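Data from protein-v2.cif: mmCIF, C-alpha atoms
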data_protein
loop_
_atom_site.label_atom_id
_atom_site.label_comp_id
_atom_site.auth_asym_id
_atom_site.auth_seq_id
_atom_site.Cartn_x
_atom_site.Cartn_y
_atom_site.Cartn_z
CA MET I 1 0.00 0.00 0.00
CA LYS I 2 1.31 3.47 -0.90
CA ASP I 3 2.28 5.85 1.90
CA SER I 4 -0.44 8.33 0.90
CA GLU I 5 -3.08 5.59 1.08
CA LYS I 6 -1.79 4.45 4.48
CA ASP I 7 -1.86 8.07 5.57
CA LYS I 8 -5.48 8.43 4.51
CA LYS I 9 -6.37 5.19 6.27
CA LEU I 10 -4.69 6.32 9.49
CA GLU I 11 -6.35 9.72 9.23
CA ARG I 12 -9.75 8.08 8.88
CA LEU I 13 -9.08 5.84 11.88
CA ILE I 14 -7.81 8.70 14.04
CA LYS I 15 -10.85 10.80 13.15
CA GLU I 16 -13.01 8.01 14.58
CA THR I 17 -11.41 8.49 17.99
CA ARG I 18 -12.71 10.96 20.56
CA LEU I 19 -10.70 13.59 22.34
CA GLU I 20 -10.75 13.80 26.11
CA LYS I 21 -13.35 16.22 27.45
CA PRO I 22 -12.76 18.51 30.42
CA GLY I 23 -15.38 18.86 33.17
CA SER I 24 -18.77 20.37 32.37
CA LYS I 25 -17.92 23.62 34.17
CA PHE I 26 -14.64 24.15 32.36
CA THR I 27 -15.79 27.03 30.13
CA LEU I 28 -17.56 28.67 33.06
CA ASN I 29 -14.42 28.42 35.19
CA VAL I 30 -12.26 29.96 32.46
CA MET I 31 -14.71 32.81 31.95
CA ASN I 32 -14.99 33.44 35.70
CA GLU I 33 -11.24 33.61 35.95
CA ILE I 34 -11.12 36.10 33.10
CA TYR I 35 -13.87 38.24 34.60
CA ALA I 36 -12.20 38.14 38.01
CA MET I 37 -8.89 39.09 36.45
CA GLU I 38 -10.08 42.14 34.55
CA PRO I 39 -13.29 43.57 35.97
CA ALA I 40 -12.15 47.15 35.57
CA LYS I 41 -11.06 46.63 31.99
CA SER I 42 -14.29 44.97 30.96
CA VAL I 43 -16.29 47.88 32.36
CA GLN I 44 -14.02 50.45 30.73
CA SER I 45 -13.98 48.83 27.36
CA GLY I 46 -17.67 47.95 27.32
CA PHE I 47 -20.00 49.79 25.05
CA PRO I 48 -22.06 52.56 26.67
CA VAL I 49 -25.60 51.46 27.39
CA LEU I 50 -27.00 54.60 25.82
CA GLY I 51 -25.55 54.95 22.34
CA ARG I 52 -24.57 58.04 20.39
CA ASN I 53 -27.88 58.19 18.53
CA PHE I 54 -29.74 58.39 21.80
CA TRP I 55 -27.73 61.42 22.87
CA ILE I 56 -28.16 63.08 19.47
CA LEU I 57 -31.91 62.67 19.83
CA VAL I 58 -31.86 64.04 23.36
CA SER I 59 -29.76 67.02 22.21
CA MET I 60 -32.21 67.72 19.40
CA PHE I 61 -35.13 67.68 21.82
CA ALA I 62 -33.24 69.92 24.23
CA ALA I 63 -32.42 72.35 21.42
CA LEU I 64 -36.04 72.35 20.27
CA ALA I 65 -37.28 72.94 23.81
CA LEU I 66 -34.83 75.81 24.22
CA ILE I 67 -35.98 77.40 20.98
CA LEU I 68 -39.60 77.04 22.04
CA VAL I 69 -38.92 78.64 25.39
CA VAL I 70 -36.93 81.49 23.86
CA LEU I 71 -39.47 82.15 21.14
CA SER I 72 -42.41 81.99 23.52
CA GLY I 73 -40.50 84.35 25.79
CA THR I 74 -41.81 82.85 28.95
CA GLY I 75 -39.74 82.49 32.03
CA THR I 76 -36.49 83.55 30.42
CA GLY I 77 -36.42 87.18 31.33
CA THR I 78 -34.74 87.89 28.03
CA GLU I 79 -37.73 88.97 26.03
CA GLY I 80 -36.47 92.45 25.55
CA LEU I 81 -33.03 91.31 24.56
CA PHE I 82 -34.30 88.91 21.89
CA ASN I 83 -36.70 91.47 20.59
CA ASN I 84 -33.69 93.73 20.11
CA LEU I 85 -31.49 91.06 18.57
CA LEU I 86 -34.18 89.69 16.30
CA PRO I 87 -36.11 92.58 14.88
CA VAL I 88 -38.20 90.25 12.71
CA ASP I 89 -41.79 89.46 13.51
CA THR I 90 -41.73 86.09 15.26
CA GLY I 91 -45.36 86.24 16.22
CA ASN I 92 -46.51 83.80 13.54
CA VAL I 93 -43.84 81.24 14.46
CA THR I 94 -44.65 81.60 18.16
CA ARG I 95 -48.33 81.15 17.48
CA GLY I 96 -47.54 78.07 15.37
CA TYR I 97 -45.57 76.44 18.17
CA ARG I 98 -48.23 77.33 20.71
CA ASN I 99 -50.78 75.76 18.39
CA ILE I 100 -48.70 72.57 18.22
CA LEU I 101 -48.32 72.51 21.99
CA ASP I 102 -52.06 73.00 22.39
CA GLN I 103 -52.72 70.15 20.01
CA LEU I 104 -50.30 67.95 21.97
CA GLY I 105 -52.18 68.85 25.11
CA ASN I 106 -55.33 67.46 23.54
CA VAL I 107 -53.76 64.06 22.71
CA PRO I 108 -55.61 61.36 24.68
CA LEU I 109 -53.77 60.03 27.71
CA SER I 110 -53.83 56.45 26.34
CA ILE I 111 -51.79 57.44 23.25
CA ALA I 112 -49.28 59.25 25.42
CA ALA I 113 -49.01 56.14 27.59
CA ILE I 114 -48.52 53.93 24.52
CA LEU I 115 -45.76 56.20 23.19
CA THR I 116 -44.04 56.29 26.58
CA ALA I 117 -44.26 52.51 26.99
CA SER I 118 -42.90 51.97 23.46
CA SER I 119 -39.98 54.25 24.20
CA ILE I 120 -39.22 52.40 27.43
CA LEU I 121 -39.44 49.02 25.66
CA LEU I 122 -37.10 50.22 22.92
CA MET I 123 -34.62 51.40 25.53
CA ILE I 124 -34.79 48.05 27.38
CA GLU I 125 -34.34 46.13 24.12
CA ARG I 126 -31.33 48.27 23.27
CA PHE I 127 -29.88 47.75 26.74
CA MET I 128 -30.34 43.95 26.51
CA ALA I 129 -28.80 43.82 23.04
CA LYS I 130 -25.74 45.71 24.26
CA LYS I 131 -25.34 43.39 27.19
CA ASN I 132 -25.93 40.39 24.91
CA LEU I 133 -28.59 39.04 27.23
CA PHE I 134 -30.56 37.60 24.32
CA ALA I 135 -27.56 35.73 22.84
CA MET D 136 -28.46 30.80 17.87
CA GLU D 137 -26.79 32.30 14.81
CA LYS D 138 -23.41 30.81 13.93
CA HIS D 139 -20.55 33.12 13.04
CA ASP D 140 -17.03 32.76 11.78
CA GLU D 141 -14.57 32.60 14.70
CA LEU D 142 -12.99 35.87 13.57
CA TYR D 143 -16.32 37.51 14.39
CA TYR D 144 -16.01 36.35 18.02
CA ILE D 145 -12.35 37.36 18.15
CA GLU D 146 -13.21 40.88 17.03
CA LYS D 147 -16.01 41.04 19.59
CA VAL D 148 -13.61 40.04 22.38
CA LYS D 149 -11.03 42.51 21.14
CA SER D 150 -13.64 45.28 21.22
CA GLY D 151 -14.25 44.59 24.90
CA GLN D 152 -17.14 42.11 24.78
CA THR D 153 -15.36 39.53 26.88
CA GLN D 154 -18.34 37.17 27.03
CA TYR D 155 -17.71 36.13 23.40
CA PHE D 156 -14.49 34.45 24.49
CA SER D 157 -16.61 31.56 25.71
CA TYR D 158 -17.23 30.56 22.07
CA ILE D 159 -13.49 30.19 21.58
CA VAL D 160 -13.14 28.16 24.78
CA GLU D 161 -16.02 25.88 23.74
CA ASN D 162 -14.54 25.34 20.32
CA TYR D 163 -11.03 24.46 21.43
CA LYS D 164 -11.36 23.09 24.95
CA GLU D 165 -11.16 19.42 23.96
CA ILE D 166 -7.94 19.66 21.97
CA VAL D 167 -6.26 21.87 24.58
CA PHE D 168 -7.41 19.66 27.44
CA SER D 169 -6.34 16.47 25.60
CA ILE D 170 -2.82 17.79 25.10
CA ALA D 171 -2.63 19.00 28.72
CA LEU D 172 -3.89 15.64 29.96
CA LYS D 173 -1.30 13.87 27.83
CA VAL D 174 1.40 15.93 29.51
CA LEU D 175 0.20 15.78 33.11
CA LYS D 176 -1.73 12.50 33.17
CA ASN D 177 -4.06 13.88 35.81
CA ARG D 178 -7.43 15.39 34.97
CA ASP D 179 -7.42 18.09 37.65
CA ASP D 180 -3.94 19.29 36.80
CA ALA D 181 -4.76 19.09 33.11
CA GLU D 182 -7.86 21.26 33.57
CA GLU D 183 -5.74 23.79 35.38
CA MET D 184 -3.15 23.78 32.62
CA ALA D 185 -5.82 24.06 29.93
CA GLN D 186 -7.29 27.03 31.82
CA GLU D 187 -3.86 28.65 31.92
CA VAL D 188 -3.61 28.20 28.15
CA PHE D 189 -6.95 29.94 27.58
CA ILE D 190 -6.03 32.78 29.93
CA LYS D 191 -2.81 33.17 27.97
CA VAL D 192 -4.77 33.17 24.70
CA TYR D 193 -7.14 35.80 26.10
CA LYS D 194 -4.30 38.02 27.30
CA SER D 195 -2.48 37.77 23.96
CA LEU D 196 -5.55 38.10 21.77
CA HIS D 197 -4.77 41.73 20.98
CA SER D 198 -1.53 40.56 19.35
CA PHE D 199 -3.36 38.20 16.98
CA ARG D 200 -3.32 40.00 13.65
CA GLY D 201 -5.05 37.38 11.55
CA THR D 202 -2.07 36.80 9.26
CA SER D 203 -2.20 33.10 10.15
CA LYS D 204 -5.15 30.90 11.00
CA PHE D 205 -6.45 31.49 14.51
CA SER D 206 -6.34 27.75 15.19
CA THR D 207 -2.63 27.60 14.30
CA TRP D 208 -1.96 30.56 16.58
CA LEU D 209 -3.90 28.96 19.46
CA TYR D 210 -2.18 25.59 18.93
CA SER D 211 1.14 27.36 19.04
CA ILE D 212 0.32 28.78 22.49
CA THR D 213 -0.97 25.38 23.62
CA TYR D 214 2.08 23.54 22.33
CA ASN D 215 4.54 25.99 23.84
CA HIS D 216 2.77 26.05 27.18
CA CYS D 217 2.25 22.29 27.51
CA ILE D 218 5.31 20.86 25.80
CA SER D 219 7.71 23.35 27.36
CA HIS D 220 6.23 22.25 30.67
CA THR D 221 7.17 18.63 29.96
CA ARG D 222 10.71 19.67 29.11
CA LYS D 223 11.05 21.81 32.23
CA LYS D 224 9.61 19.23 34.59
CA LYS D 225 11.08 16.20 32.80
CA TYR D 226 7.60 14.71 32.50
CA ASP D 227 6.77 12.09 29.98
CA VAL D 228 10.04 10.27 29.78
CA SER D 229 7.89 7.71 28.11
CA SER D 230 8.55 4.04 28.31
CA LEU D 231 7.76 4.02 24.62
CA ASP D 232 11.21 5.42 23.92
CA ASP D 233 12.47 2.02 25.03
CA VAL D 234 10.17 0.22 22.60
CA GLN D 235 11.89 -0.99 19.49
CA VAL D 236 10.05 0.49 16.55
CA THR D 237 10.33 -2.17 13.86
CA GLU D 238 10.44 -1.44 10.16
CA GLU D 239 7.70 -4.01 9.61
CA ALA D 240 5.38 -1.93 11.72
CA ASP D 241 4.32 0.32 8.89
CA ASP D 242 0.67 -0.56 8.56
CA ILE D 243 -2.26 -1.75 10.61
CA ASN D 244 -5.13 -3.97 9.76
CA LEU D 245 -8.19 -3.35 11.87
CA ASP D 246 -10.65 -4.44 9.22
CA GLY D 247 -12.04 -7.38 11.19
CA PHE D 248 -12.98 -5.23 14.17
CA SER D 249 -16.15 -3.34 14.91
CA ASP D 250 -16.13 0.46 14.89
CA ASP D 251 -16.13 0.56 18.68
CA GLU D 252 -13.24 -1.91 18.98
CA ARG D 253 -11.21 -0.04 16.36
CA ARG D 254 -11.76 3.20 18.19
CA GLU D 255 -10.84 1.66 21.55
CA TYR D 256 -7.58 0.21 20.19
CA LEU D 257 -6.60 3.45 18.56
CA GLU D 258 -7.47 5.54 21.62
CA ALA D 259 -5.42 3.17 23.78
CA ALA D 260 -2.46 3.41 21.38
CA LEU D 261 -2.72 7.21 21.24
CA LYS D 262 -2.69 7.31 25.04
CA LYS D 263 0.66 5.53 25.01
CA LEU D 264 2.31 7.95 22.60
CA PRO D 265 4.67 10.52 24.10
CA ALA D 266 3.15 13.99 24.48
CA GLU D 267 5.00 15.59 21.60
CA ASP D 268 4.21 12.77 19.16
CA TYR D 269 0.60 12.75 20.32
CA THR D 270 0.29 16.51 19.74
CA LEU D 271 1.75 16.29 16.25
CA VAL D 272 -0.49 13.36 15.30
CA ILE D 273 -3.62 15.04 16.65
CA LEU D 274 -2.88 18.37 14.97
CA TYR D 275 -2.04 16.76 11.64
CA TYR D 276 -4.58 13.93 11.40
CA TYR D 277 -7.39 14.95 13.71
CA LYS D 278 -7.41 18.71 13.25
CA ASP D 279 -6.38 18.71 9.59
CA GLN D 280 -3.48 21.08 10.04
CA SER D 281 -1.00 21.02 7.16
CA VAL D 282 2.68 20.23 7.73
CA GLU D 283 3.35 23.94 7.29
CA GLU D 284 0.76 24.85 9.93
CA VAL D 285 2.02 22.19 12.35
CA ALA D 286 5.51 23.59 11.85
CA ALA D 287 4.24 27.11 12.60
CA ALA D 288 2.41 25.91 15.71
CA THR D 289 5.33 23.91 17.07
CA ASN D 290 8.17 26.14 15.91
CA LEU D 291 9.77 23.12 14.26
CA SER D 292 11.01 23.10 10.69
CA GLU D 293 8.72 21.48 8.13
CA SER D 294 11.24 18.70 7.47
CA ASN D 295 11.50 18.08 11.21
CA VAL D 296 7.70 17.84 11.46
CA LYS D 297 7.66 15.30 8.62
CA VAL D 298 10.36 13.21 10.33
CA LYS D 299 8.62 13.38 13.70
CA LEU D 300 5.26 12.49 12.16
CA HIS D 301 6.85 9.54 10.39
CA ARG D 302 8.33 8.30 13.68
CA ALA D 303 5.06 8.90 15.54
CA ARG D 304 3.22 6.85 12.91
CA LYS D 305 5.72 4.01 13.35
CA LYS D 306 5.25 4.12 17.10
CA LEU D 307 1.50 4.05 16.67
CA TYR D 308 1.67 1.04 14.32
CA THR D 309 4.07 -0.74 16.71
CA LEU D 310 1.76 -0.14 19.64
CA LEU D 311 -1.30 -1.29 17.72
CA ASN D 312 0.43 -4.41 16.41
CA ASP D 313 1.65 -5.25 19.93
CA MET D 314 -1.85 -4.78 21.31
CA LEU D 315 -3.38 -6.90 18.57
CA SER D 316 -0.84 -9.71 18.96
CA ASP D 317 -1.44 -9.67 22.73
CA GLU D 318 -5.13 -9.99 22.01
CA ILE D 319 -4.58 -12.88 19.62
CA HIS D 320 -2.29 -14.63 22.13
CA ALA D 321 -4.93 -14.19 24.82
CA LEU D 322 -7.50 -15.84 22.58
CA LEU D 323 -5.27 -18.82 21.71
#
Encoded form (structure tokens):
Amino acid sequence: MKDSEKDKKLERLIKETRLEKPGSKFTLNVMNEIYAMEPAKSVQSGFPVLGRNFWILVSMFAALALILVVLSGTGTGTEGLFNNLLPVDTGNVTRGYRNILDQLGNVPLSIAAILTASSILLMIERFMAKKNLFA
Amino acid sequence: MEKHDELYYIEKVKSGQTQYFSYIVENYKEIVFSIALKVLKNRDDAEEMAQEVFIKVYKSLHSFRGTSKFSTWLYSITYNHCISHTRKKKYDVSSLDDVQVTEEADDINLDGFSDDERREYLEAALKKLPAEDYTLVILYYYKDQSVEEVAAATNLSESNVKVKLHRARKKLYTLLNDMLSDEIHALL
């Protein structure tokens, strides 16, 4: 029999054998040792729970809220200043925003609750995905 | 659960998601443990050594650039850790070195045996191989590493790997033939 044939035969026979298995908790023990070794590093290098997009959205809302407050001129104490800086008639814009806010005030409570719950669920889903709890 | 290429898990671990390292441990624990057990001949000590290998792999993962196969890189760490241990501690001065490897022992015939018997004989013969020979045989035949990859993992030259594999094969055939002739004598 040629060497290559004998080699193939031996390979086939060796592939039939089984390797020794470590204990059932082996992987767990290794991972625990790794976690115990580098807890600080794993926290530092972990992804933030709230991603960049979340903060962009929050910033946009904050900016929008600021604009609304400034344009409505309530509670800022800067009405005179802005009137001087912006000599354009902002009355229509202000009325528009007030109209929107009024409309929002008329939204039924159930819809507001649904929107809030959806937002919370989305945040939880995002948090779980980051922590790989669904893997 | 979705299956990914192991490089996917490596990148995840490198990016700080340590939990993905468990996929690597699961995938390689048997080969690493088998080699460690071959060296130490004690399951508890072997588990400890195998754990040390994985910790070493984890700590060095940032230095893995992907220029070679990950398996070859991991086997290299395993080989160096386990085999260097045998050299340091003078383990495994195997009695097999005293066995005369005959030229006739260049083939085996296990055709008349059942699958289970064949496997048992071969596992018993593999257990008697010295640690280094065992590692080379397992990497080459069981894990389908090429001579080049075995050479890279063991830091031996390719020609040296070929010579060592040839000798390991002879030892394996000798052991199997001895076991089979013992069996035949027991039956007669």
Proximity check chain I to chain D, 7 Å, nearest pairs one decimal Å, all atoms listed in the file, as JSON lines:
{"residue": "I:Lys6", "atom": "CA", "partner": "D:Asp242", "partner_atom": "CA", "distance": 6.9}
{"residue": "I:Glu11", "atom": "CA", "partner": "D:Tyr276", "partner_atom": "CA", "distance": 5.1}
{"residue": "I:Ile14", "atom": "CA", "partner": "D:Tyr277", "partner_atom": "CA", "distance": 6.3}
{"residue": "I:Lys15", "atom": "CA", "partner": "D:Tyr277", "partner_atom": "CA", "distance": 5.4}
{"residue": "I:Glu16", "atom": "CA", "partner": "D:Arg254", "partner_atom": "CA", "distance": 6.1}
{"residue": "I:Thr17", "atom": "CA", "partner": "D:Arg254", "partner_atom": "CA", "distance": 5.3}
{"residue": "I:Leu19", "atom": "CA", "partner": "D:Glu165", "partner_atom": "CA", "distance": 6.1}
{"residue": "I:Glu20", "atom": "CA", "partner": "D:Ser169", "partner_atom": "CA", "distance": 5.2}
{"residue": "I:Lys21", "atom": "CA", "partner": "D:Glu165", "partner_atom": "CA", "distance": 5.2}
{"residue": "I:Pro22", "atom": "CA", "partner": "D:Phe168", "partner_atom": "CA", "distance": 6.2}
{"residue": "I:Thr27", "atom": "CA", "partner": "D:Val160", "partner_atom": "CA", "distance": 6.1}
{"residue": "I:Val30", "atom": "CA", "partner": "D:Gln186", "partner_atom": "CA", "distance": 5.8}
{"residue": "I:Met31", "atom": "CA", "partner": "D:Ser157", "partner_atom": "CA", "distance": 6.6}
{"residue": "I:Ile34", "atom": "CA", "partner": "D:Ile190", "partner_atom": "CA", "distance": 6.9}
{"residue": "I:Ser42", "atom": "CA", "partner": "D:Gly151", "partner_atom": "CA", "distance": 6.1}
{"residue": "I:Ser45", "atom": "CA", "partner": "D:Gly151", "partner_atom": "CA", "distance": 4.9}
{"residue": "I:Gly46", "atom": "CA", "partner": "D:Gly151", "partner_atom": "CA", "distance": 5.4}
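Checking D:Glu293, D:Glu252, D:Asp268, D:Glu283 one by one against D:Met314, counting only C-alpha atoms, you find the shortest gap at D:Glu252.
Taking atom CA of D:Ser198 and atom CA of D:Leu274 as endpoints, the distance between them is 22.7 Å.
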Rounded to one decimal in Å, what is the spacing between atom CA of D:Glu284 and atom CA of D:Thr207?
6.2 Å
Would you mind reading off the distance between atom CA of D:Asn290 and atom CA of D:Tyr210, one decimal, in Å?
10.8 Å
Residue contacts of stretch 285-289 of chain D (9 Å, only C-alpha atoms) excluding same-chain residues fewer than 6 positions away, as a ChimeraX atom specification
/D:206-215,271,274-275,295-296
